[in-house]
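Below is the file structure-v9.cif, which contains mmCIF, C-alpha atoms.
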```
data_query
#
loop_
_atom_site.label_atom_id
_atom_site.label_comp_id
_atom_site.auth_asym_id
_atom_site.auth_seq_id
_atom_site.Cartn_x
_atom_site.Cartn_y
_atom_site.Cartn_z
CA MET A 23 0.00 0.00 0.00
CA THR A 24 1.31 3.45 -0.85
CA SER A 25 1.50 6.01 1.91
CA VAL A 26 -1.24 8.59 1.97
CA ARG A 27 0.81 11.25 3.78
CA THR A 28 4.59 11.48 3.38
CA LEU A 29 6.90 13.98 5.07
CA ILE A 30 10.32 14.40 3.45
CA LEU A 31 12.95 16.15 5.55
CA GLY A 32 16.51 17.07 4.69
CA GLY A 33 19.08 19.80 4.61
CA VAL A 34 19.59 22.36 1.87
CA ARG A 35 20.31 20.63 -1.47
CA SER A 36 19.85 17.20 0.10
CA GLY A 37 17.58 15.90 -2.67
CA LYS A 38 14.30 16.19 -0.76
CA SER A 39 12.42 18.15 -3.45
CA ARG A 40 13.61 15.84 -6.23
CA LEU A 41 12.47 12.83 -4.21
CA ALA A 42 9.09 14.46 -3.56
CA GLU A 43 8.65 15.23 -7.26
CA ARG A 44 9.61 11.65 -8.19
CA LEU A 45 7.08 10.23 -5.72
CA ALA A 46 4.39 12.57 -7.06
CA LEU A 47 5.09 11.40 -10.63
CA GLU A 48 5.09 7.76 -9.55
CA SER A 49 1.66 8.20 -7.94
CA GLN A 50 0.26 8.47 -11.51
CA LEU A 51 -2.30 10.94 -10.14
CA PRO A 52 -2.89 14.51 -11.26
CA VAL A 53 -0.50 16.65 -9.18
CA ILE A 54 -1.25 19.92 -7.47
CA TYR A 55 2.05 21.53 -6.45
CA ILE A 56 1.70 24.03 -3.62
CA ALA A 57 4.70 26.37 -3.52
CA THR A 58 5.32 28.44 -0.40
CA ALA A 59 8.44 30.32 -1.55
CA THR A 60 8.46 34.01 -2.23
CA SER A 61 11.04 35.70 -4.45
CA GLU A 62 12.58 38.48 -2.39
CA ASP A 63 16.03 38.50 -4.03
CA ASP A 64 17.88 37.31 -7.14
CA GLU A 65 19.24 34.15 -5.49
CA MET A 66 15.79 33.04 -4.34
CA HIS A 67 14.38 33.87 -7.75
CA ALA A 68 16.98 31.52 -9.29
CA ARG A 69 16.05 28.75 -6.83
CA ILE A 70 12.37 29.11 -7.68
CA ALA A 71 13.14 29.11 -11.41
CA ALA A 72 15.13 25.87 -11.04
CA HIS A 73 12.17 24.21 -9.30
CA GLN A 74 9.80 25.50 -11.98
CA ALA A 75 12.00 24.17 -14.78
CA ARG A 76 12.03 20.68 -13.24
CA ARG A 77 8.26 20.41 -12.83
CA PRO A 78 6.12 18.86 -15.55
CA ASN A 79 4.00 21.44 -17.39
CA HIS A 80 0.80 19.53 -16.72
CA TRP A 81 1.07 19.92 -12.95
CA GLN A 82 -1.22 22.53 -11.45
CA VAL A 83 0.79 25.02 -9.38
CA ILE A 84 -0.61 27.06 -6.53
CA GLU A 85 1.65 29.69 -5.03
CA GLU A 86 0.56 30.14 -1.43
CA PRO A 87 3.07 31.47 1.10
CA LEU A 88 0.73 31.62 4.13
CA GLN A 89 -2.69 29.93 3.91
CA LEU A 90 -1.78 26.22 3.72
CA ALA A 91 -4.79 25.05 5.73
CA SER A 92 -7.14 26.77 3.32
CA VAL A 93 -5.38 25.30 0.28
CA LEU A 94 -5.40 21.78 1.77
CA THR A 95 -9.09 22.05 2.57
CA GLN A 96 -9.95 23.39 -0.90
CA HIS A 97 -7.97 20.76 -2.80
CA ALA A 98 -8.37 17.63 -0.72
CA ASP A 99 -9.54 15.17 -3.35
CA ASN A 100 -9.08 11.43 -3.62
CA GLU A 101 -8.19 11.81 -7.29
CA CYS A 102 -5.00 13.89 -6.94
CA CYS A 103 -1.61 14.12 -5.30
CA LEU A 104 -0.88 17.26 -3.32
CA LEU A 105 2.79 18.24 -3.00
CA ILE A 106 3.69 21.05 -0.59
CA ASP A 107 7.20 22.48 -0.93
CA CYS A 108 8.16 23.64 1.65
CA LEU A 109 6.96 23.84 5.23
CA THR A 110 10.00 25.69 6.57
CA LEU A 111 9.58 28.44 3.98
CA TRP A 112 5.93 28.67 5.09
CA LEU A 113 7.17 28.94 8.69
CA THR A 114 9.65 31.66 7.71
CA ASN A 115 6.91 33.57 5.90
CA TRP A 116 4.89 33.60 9.11
CA LEU A 117 7.79 34.46 11.42
CA ILE A 118 8.59 37.59 9.37
CA HIS A 119 4.90 38.45 8.75
CA PRO A 120 3.63 41.70 10.32
CA GLU A 121 0.96 39.64 12.11
CA VAL A 122 3.30 36.90 13.40
CA GLU A 123 0.93 36.32 16.32
CA ARG A 124 -1.44 34.58 13.85
CA PHE A 125 1.06 31.77 13.27
CA ASP A 126 -0.10 29.56 16.17
CA ALA A 127 -3.68 29.63 14.88
CA GLU A 128 -2.51 28.99 11.29
CA ARG A 129 -0.36 26.05 12.42
CA ALA A 130 -3.30 24.58 14.36
CA ALA A 131 -5.58 25.00 11.33
CA PHE A 132 -2.95 23.39 9.09
CA LEU A 133 -2.57 20.39 11.40
CA THR A 134 -6.35 19.97 11.53
CA ALA A 135 -6.56 20.10 7.73
CA LEU A 136 -3.64 17.67 7.50
CA SER A 137 -5.43 15.15 9.70
CA LEU A 138 -8.43 15.21 7.35
CA VAL A 139 -6.53 14.65 4.09
CA THR A 140 -7.37 11.29 2.50
CA ASN A 141 -5.67 11.77 -0.86
CA LYS A 142 -1.96 11.38 -1.56
CA LEU A 143 -0.02 14.18 0.16
CA ILE A 144 3.72 14.82 0.05
CA LEU A 145 5.23 17.47 2.31
CA VAL A 146 8.78 18.80 2.00
CA SER A 147 10.65 20.59 4.77
CA ASN A 148 14.18 21.54 5.78
CA GLU A 149 15.61 19.75 8.79
CA THR A 150 17.45 22.51 10.60
CA ASN A 151 18.03 21.12 14.06
CA MET A 152 21.08 18.93 13.60
CA GLY A 153 23.72 21.51 14.48
CA ILE A 154 24.53 24.09 17.09
CA ILE A 155 21.96 26.39 18.64
CA PRO A 156 21.97 29.53 16.48
CA MET A 157 22.69 33.01 17.73
CA GLY A 158 19.85 35.48 17.66
CA GLU A 159 16.31 35.31 18.97
CA LEU A 160 14.60 34.96 15.57
CA SER A 161 16.97 32.18 14.46
CA ARG A 162 16.43 30.25 17.70
CA ARG A 163 12.65 30.68 17.42
CA TYR A 164 12.77 29.47 13.82
CA CYS A 165 14.65 26.31 14.81
CA ASP A 166 12.37 25.70 17.79
CA GLU A 167 9.23 26.21 15.71
CA ALA A 168 10.57 24.04 12.86
CA GLY A 169 11.37 21.21 15.27
CA LYS A 170 7.94 21.44 16.87
CA LEU A 171 6.21 21.60 13.47
CA HIS A 172 8.12 18.57 12.16
CA GLN A 173 7.22 16.51 15.21
CA GLU A 174 3.54 17.46 14.90
CA VAL A 175 3.42 16.82 11.14
CA ALA A 176 5.28 13.50 11.49
CA GLN A 177 2.55 12.28 13.86
CA HIS A 178 -0.01 12.80 11.08
CA CYS A 179 2.10 11.12 8.40
CA ASP A 180 2.19 7.48 7.35
CA GLN A 181 5.76 7.83 6.12
CA VAL A 182 8.65 10.10 7.12
CA ILE A 183 11.85 10.17 5.06
CA LEU A 184 15.14 11.92 5.79
CA THR A 185 17.32 12.74 2.77
CA ALA A 186 21.06 13.32 2.83
CA ALA A 187 23.40 13.48 -0.18
CA GLY A 188 20.47 12.55 -2.41
CA LEU A 189 19.87 9.33 -0.48
CA PRO A 190 16.57 8.67 1.30
CA LEU A 191 16.41 7.08 4.74
CA VAL A 192 12.91 5.95 5.80
CA LEU A 193 12.32 6.94 9.42
CA LYS A 194 8.68 5.89 9.57
CA GLY A 195 6.51 3.71 7.35
CA GLY A 196 7.23 1.32 4.52
CA PRO A 197 9.97 1.43 1.93
CA ILE A 198 9.95 3.94 -0.90
#
```
Let me see the file written as structure tokens.
Amino acid sequence: MTSVRTLILGGVRSGKSRLAERLALESQLPVIYIATATSEDDEMHARIAAHQARRPNHWQVIEEPLQLASVLTQHADNECCLLIDCLTLWLTNWLIHPEVERFDAERAAFLTALSLVTNKLILVSNETNMGIIPMGELSRRYCDEAGKLHQEVAQHCDQVILTAAGLPLVLKGGPI
């Protein structure tokens, strides 16, 4: 049986997005790709362009940097595969948002929506908590919130995969 909900974690350039895209293709379902990145500088614009160039043209793309719960609720359908890339960019968008106090409610709404998803769902996120504690209040909050979010999301997932050097390691669930 294929996993309904898969969380793919990994560091920067670890191969997590490529793995997520491969699993979405292998599902043989129509894919709705939910992108959370925003292009605030040339380097990020180049990263986004590289992701766009890799994606099949027939995938539906929704760019949503903040309202993931709403998008999940609107597009939960047994006949598609939802791919969200990436949760830590979504977290960053909230932590720098003028109304950062809304993040707790948005996270709770996202987790509720996640628990109701019955179609194929693949979530991508950066694992950031494998090094030293960062300097600076915002950086520490980011790492704390990312760790908490990953633990909560992993509880709702059938499969959790950690990628390193392009190699997947299944932490929870069946083989890839």
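Using only C-alpha atoms, the nearest neighbour of Leu41 (chain A) within the list A:Ala72, A:Ile144, A:Ala91, A:Met157 is A:Ile144.
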- Item | Residue members of the PyMOL selection byres ((chain A and resi 111) around 9) in the file shown, as a ChimeraX atom specification | /A:58-60,87,107-110,112-116,147-148
- Task: List the residues selected by the PyMOL selection byres ((chain A and resi 43) around 10) in the file shown, writing them as a ChimeraX atom specification.
- Result: /A:38-42,44-49,53,55,73,76-78,105,107,144,146
- Please measure the separation of CA of Val175 (chain A) and CA of Ser137 (chain A), giving the value in Å to one decimal. 9.1 Å
- List the neighbours of region 26-30 of chain A out to 8 Å using all atoms listed in the file; skip same-chain residues closer than 5 positions along the sequence, and give me the result as a list in words. Lys38, Ala42, Thr140, Asn141, Lys142, Leu143, Ile144, Leu145, Val146, Ser147, Val175, Ala176, His178, Cys179, Asp180, Gln181, Val182, Ile183, Leu184 and Thr185 of chain A
- Query: What is the distance, in Å and to one decimal place, between CA of Ser92 (chain A) and CA of Asn151 (chain A)?
  - Reply: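 A separation of 27.9 Å between them.
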- Item | Residue among A:Glu174, A:Glu86, A:Glu121, A:Asp63 lying closest to Leu133 (chain A), counting all atoms listed in the file |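 For Leu133 (chain A), the nearest of the given residues is A:Glu174.
Using all atoms listed in the file, the nearest neighbour of Arg162 (chain A) within the list A:Thr150, A:Gln96, A:Gln82, A:Gln50 is A:Thr150.
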- For the atom pair CA of Pro52 (chain A) and CA of Met66 (chain A), what is the interatomic distance in Å to one decimal place?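 Going from CA of Pro52 (chain A) over to CA of Met66 (chain A), I get 27.2 Å.
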- Message: For this structure, which residues satisfy the selection - the PyMOL selection byres ((chain A and resi 188) around 6) - when it is evaluated on the file as given? I want them as a PyMOL selection string.
- Response: chain A and resi 36-37+186-187+189
How about saving the chosen residues, C-alpha atoms kept, as a PDB file, in the coordinates of the input?
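New file again_21.pdb:
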```pdb
ATOM      1  CA  SER A  36      19.850  17.200   0.100  1.00  0.00           C
ATOM      2  CA  GLY A  37      17.580  15.900  -2.670  1.00  0.00           C
ATOM      3  CA  ALA A 186      21.060  13.320   2.830  1.00  0.00           C
ATOM      4  CA  ALA A 187      23.400  13.480  -0.180  1.00  0.00           C
ATOM      5  CA  LEU A 189      19.870   9.330  -0.480  1.00  0.00           C
TER       6      LEU A 189
END
```
